[in-house]
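J.: I have a structure here, written as structure tokens, and I will follow up with some questions on it.
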Amino acid sequence: MIYFIGAGPGAADLITLRGMRLLGKASLVIYAGSLVNPELLEFCSPSCERLNSASMTLEEVISALNTHRQDETVVRLHTGDPSLYGAIREQMDALDKLDIAYEIVPGVSSMNAAAAALKTEFTPPSVSQSLIVSRRAGRTQVPEKESIPALAAHGASMVLFLSAGMLKALCEELLSGGYQPDTPAAVVYKVTWPDEEIIRGTLSDLPQKAGHIRKTALILVGDFLSGSYARSKLYDPSFSHAFREAKT
Ligand code: SAH
């Protein structure tokens, strides 16, 4: 069986137990070497073959996955959670065509790890109840309706992948879309790695503060990064719900 496994954001103990156990059984692991922590490969048995997909094409990855026997465990290890910017769809489609079975094991995305590192909540009541996850168009196109200014118009909480190298243009577009210049924003570089770096600022000063960071970073934007919010109804003494009567 082939497993697509989310490796988590970096720190080796942020893979799931299921992912770790499958690594221990694997006879072949193909890992995304540019972002997957090599320490994770220590969970593999000594006899396990390891291939770094950084230098491979889709065709080479599929043909390597295809060499395994039915009774073997093969792991395709992706950074964070595989459902986000993981390019797993094309791999799954290719395996479907070859009638090869696979399963997916989710992982902790870097965006979850970034929220944890910033000790924040993306969805505080009365501030924002929506999280927009996106990227700025670069060599990869983004649908016009999802341009940064169009998304910024919502004023919601926002997390941007794959855009750290375009921070200045990104912040300009976020402002032109409608966020206020003093909207809090942060760049989180290599979250949970030993060289993690967190830079807080506003949409006006972040490009200057974080200009030295070009890759492996997330940009978080929105008033959820500031102090004010309304208390939740869920834990409010005067609010009843299925598991608790209101206290008068
Ligand atoms: N599936 C991954 C994202 C892969 S795309 C996930 O769920 O996290 C690669 C992009 O993810 C990077 O350009 C960067 O924007 C972000 N990223 C991945 N790991 C990161 C980390 N440890 N710290 C900050 N950003 C990270």
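Residue numbers start at 1 in each chain; chains themselves are named A, B, ... in the order of the structure tokens; ligands are numbered from 1 in the order shown.
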All residues within 8 Å of ligand 1 are required, counting only C-alpha atoms and all ligand atoms; please report them as a VMD selection string.
T.: chain A and resid 6 8 to 10 35 78 to 86 107 to 111 113 to 114 160 to 164 188 to 193 196 215 to 219
J.: Let's see if you can do this: from backbone DSSP, list all helix (DSSP H, G or I) residues in region 58-240 of chain A, as a VMD selection string.
T.: chain A and resid 58 to 65 89 to 97 110 to 117 144 to 146 148 to 152 164 to 177 206 to 209 223 to 225
J.: Hey, can you check how far CA of Ala185 (chain A) sits from CA of Leu206 (chain A)?
T.: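 Calculated distance between CA of Ala185 (chain A) and CA of Leu206 (chain A) is 7.1 Å.
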J.: Please determine, counting only C-alpha atoms, which residue among A:Pro194, A:Gly178, A:Gly222, A:Pro125 has the shortest atom-to-atom distance to Ala156 (chain A).
T.: A:Gly222
J.: Nearest residue to Ile5 (chain A) out of A:Glu103, A:Leu220, A:Asn37, A:Ser27, using only C-alpha atoms?
T.: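 Looking only at the distances to Ile5 (chain A), the closest residue turns out to be A:Glu103.
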J.: Please provide the set of residues having any atom within 12 Å of Glu59 (chain A), restricted to only C-alpha atoms, with same-chain residues fewer than 6 positions apart removed, written as an MDAnalysis selection string.
T.: chainID A and resid 53 65:66 90:91 93:95
J.: Print the selection's residues with N, CA and C atoms to a file, as a short mmCIF file (atom, residue, chain, number, x, y, z; two decimals), in the first residue's frame.
T.:
```
data_model
loop_
_atom_site.label_atom_id
_atom_site.label_comp_id
_atom_site.auth_asym_id
_atom_site.auth_seq_id
_atom_site.Cartn_x
_atom_site.Cartn_y
_atom_site.Cartn_z
N SER A 53 12.61 13.63 -3.45
CA SER A 53 11.85 13.99 -4.67
C SER A 53 12.25 15.35 -5.22
N LEU A 65 7.14 4.84 -7.20
CA LEU A 65 6.04 4.31 -6.37
C LEU A 65 5.53 2.99 -6.95
N ASN A 66 5.59 2.88 -8.26
CA ASN A 66 5.02 1.75 -8.99
C ASN A 66 5.88 0.49 -8.90
N GLU A 90 -2.14 15.35 -8.71
CA GLU A 90 -1.63 14.76 -9.95
C GLU A 90 -1.01 13.39 -9.68
N GLN A 91 -0.45 13.20 -8.50
CA GLN A 91 0.11 11.88 -8.17
C GLN A 91 -1.01 10.86 -7.99
N ASP A 93 -4.03 10.98 -9.28
CA ASP A 93 -4.65 10.70 -10.59
C ASP A 93 -3.81 9.69 -11.38
N ALA A 94 -2.49 9.86 -11.33
CA ALA A 94 -1.60 8.93 -12.05
C ALA A 94 -1.72 7.52 -11.45
N LEU A 95 -1.81 7.43 -10.11
CA LEU A 95 -1.94 6.11 -9.47
C LEU A 95 -3.30 5.49 -9.80
#
```
J.: Give me, as a list in words, all polymer residues having an atom no more than 12 Å from Val127 (chain A), counting only C-alpha atoms and skipping those fewer than 6 positions away in the same chain.
T.: Glu121, His154, Gly155, Ala156, Ser157, Gly222, Asp223, Phe224, Leu225, Ser226, Gly227, Ser228, Tyr229, Ala230, Arg231 and Ser232 of chain A
J.: So that I have them on file, write out the residues from the current selection with N, CA and C atoms, as an mmCIF file, in the first residue's frame.
T.:
```
data_model
loop_
_atom_site.group_PDB
_atom_site.id
_atom_site.type_symbol
_atom_site.label_atom_id
_atom_site.label_comp_id
_atom_site.auth_asym_id
_atom_site.auth_seq_id
_atom_site.Cartn_x
_atom_site.Cartn_y
_atom_site.Cartn_z
ATOM 1 N N GLU A 121 -5.364 32.911 17.812
ATOM 2 C CA GLU A 121 -6.523 32.177 17.294
ATOM 3 C C GLU A 121 -6.954 32.894 16.020
ATOM 4 N N HIS A 154 -12.380 41.278 1.947
ATOM 5 C CA HIS A 154 -13.174 40.690 3.033
ATOM 6 C C HIS A 154 -12.717 41.170 4.408
ATOM 7 N N GLY A 155 -11.475 41.600 4.505
ATOM 8 C CA GLY A 155 -10.945 42.017 5.808
ATOM 9 C C GLY A 155 -10.877 40.869 6.811
ATOM 10 N N ALA A 156 -10.919 39.639 6.315
ATOM 11 C CA ALA A 156 -10.915 38.459 7.193
ATOM 12 C C ALA A 156 -9.491 38.138 7.657
ATOM 13 N N SER A 157 -9.364 37.124 8.505
ATOM 14 C CA SER A 157 -8.036 36.608 8.853
ATOM 15 C C SER A 157 -7.461 35.960 7.596
ATOM 16 N N GLY A 222 -4.215 40.240 9.672
ATOM 17 C CA GLY A 222 -5.576 40.441 10.163
ATOM 18 C C GLY A 222 -5.613 40.910 11.597
ATOM 19 N N ASP A 223 -6.767 41.426 11.974
ATOM 20 C CA ASP A 223 -6.921 41.967 13.324
ATOM 21 C C ASP A 223 -6.893 40.876 14.394
ATOM 22 N N PHE A 224 -6.964 39.584 13.969
ATOM 23 C CA PHE A 224 -6.847 38.513 14.976
ATOM 24 C C PHE A 224 -5.485 38.579 15.664
ATOM 25 N N LEU A 225 -4.508 39.237 15.034
ATOM 26 C CA LEU A 225 -3.173 39.344 15.631
ATOM 27 C C LEU A 225 -3.084 40.459 16.678
ATOM 28 N N SER A 226 -4.155 41.240 16.804
ATOM 29 C CA SER A 226 -4.132 42.297 17.827
ATOM 30 C C SER A 226 -4.915 41.838 19.052
ATOM 31 N N GLY A 227 -5.034 42.710 20.046
ATOM 32 C CA GLY A 227 -5.551 42.284 21.341
ATOM 33 C C GLY A 227 -7.056 42.164 21.501
ATOM 34 N N SER A 228 -7.845 42.957 20.766
ATOM 35 C CA SER A 228 -9.252 43.058 21.149
ATOM 36 C C SER A 228 -10.153 42.026 20.473
ATOM 37 N N TYR A 229 -11.137 41.534 21.199
ATOM 38 C CA TYR A 229 -12.090 40.555 20.680
ATOM 39 C C TYR A 229 -13.238 40.463 21.665
ATOM 40 N N ALA A 230 -14.333 39.784 21.270
ATOM 41 C CA ALA A 230 -15.437 39.550 22.202
ATOM 42 C C ALA A 230 -15.293 38.153 22.789
ATOM 43 N N ARG A 231 -15.730 37.964 24.023
ATOM 44 C CA ARG A 231 -15.685 36.626 24.616
ATOM 45 C C ARG A 231 -16.526 35.648 23.823
ATOM 46 N N SER A 232 -16.179 34.360 23.860
ATOM 47 C CA SER A 232 -16.967 33.354 23.149
ATOM 48 C C SER A 232 -18.275 33.109 23.880
#
```
J.: With only C-alpha atoms as the atoms that count, which of A:Ile88, A:Ala101, A:Leu151, A:Ala246 lies nearest to Leu170 (chain A)?
T.: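 Nearest candidate to Leu170 (chain A) out of A:Ile88, A:Ala101, A:Leu151, A:Ala246: A:Leu151.
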J.: Grab the CA of Gly138 (chain A) to CA of Met56 (chain A) distance for me, in Å with one decimal place.
T.: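 According to the coordinates, CA of Gly138 (chain A) and CA of Met56 (chain A) are separated by 21.7 Å.
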J.: Compare A:Ser204, A:Ile15, A:Ala210, A:Gln70 by their minimum atom-to-atom distance to Glu39 (chain A), counting only C-alpha atoms, and give me the closest one.
T.: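 Under the stated criterion, the closest residue is A:Ile15.
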J.: Which of these residues is nearest to Arg21 (chain A), using only C-alpha atoms: A:Ala64, A:Leu131, A:Met92, A:Val105?
T.: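 Ranking A:Ala64, A:Leu131, A:Met92, A:Val105 by distance to Arg21 (chain A), first place goes to A:Val105.
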J.: For a test of reading the model, state the distance in Å between CA of Ile2 (chain A) and CA of Val61 (chain A), rounded to one decimal.
T.: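 Interatomic distance, CA of Ile2 (chain A) to CA of Val61 (chain A): 12.2 Å.
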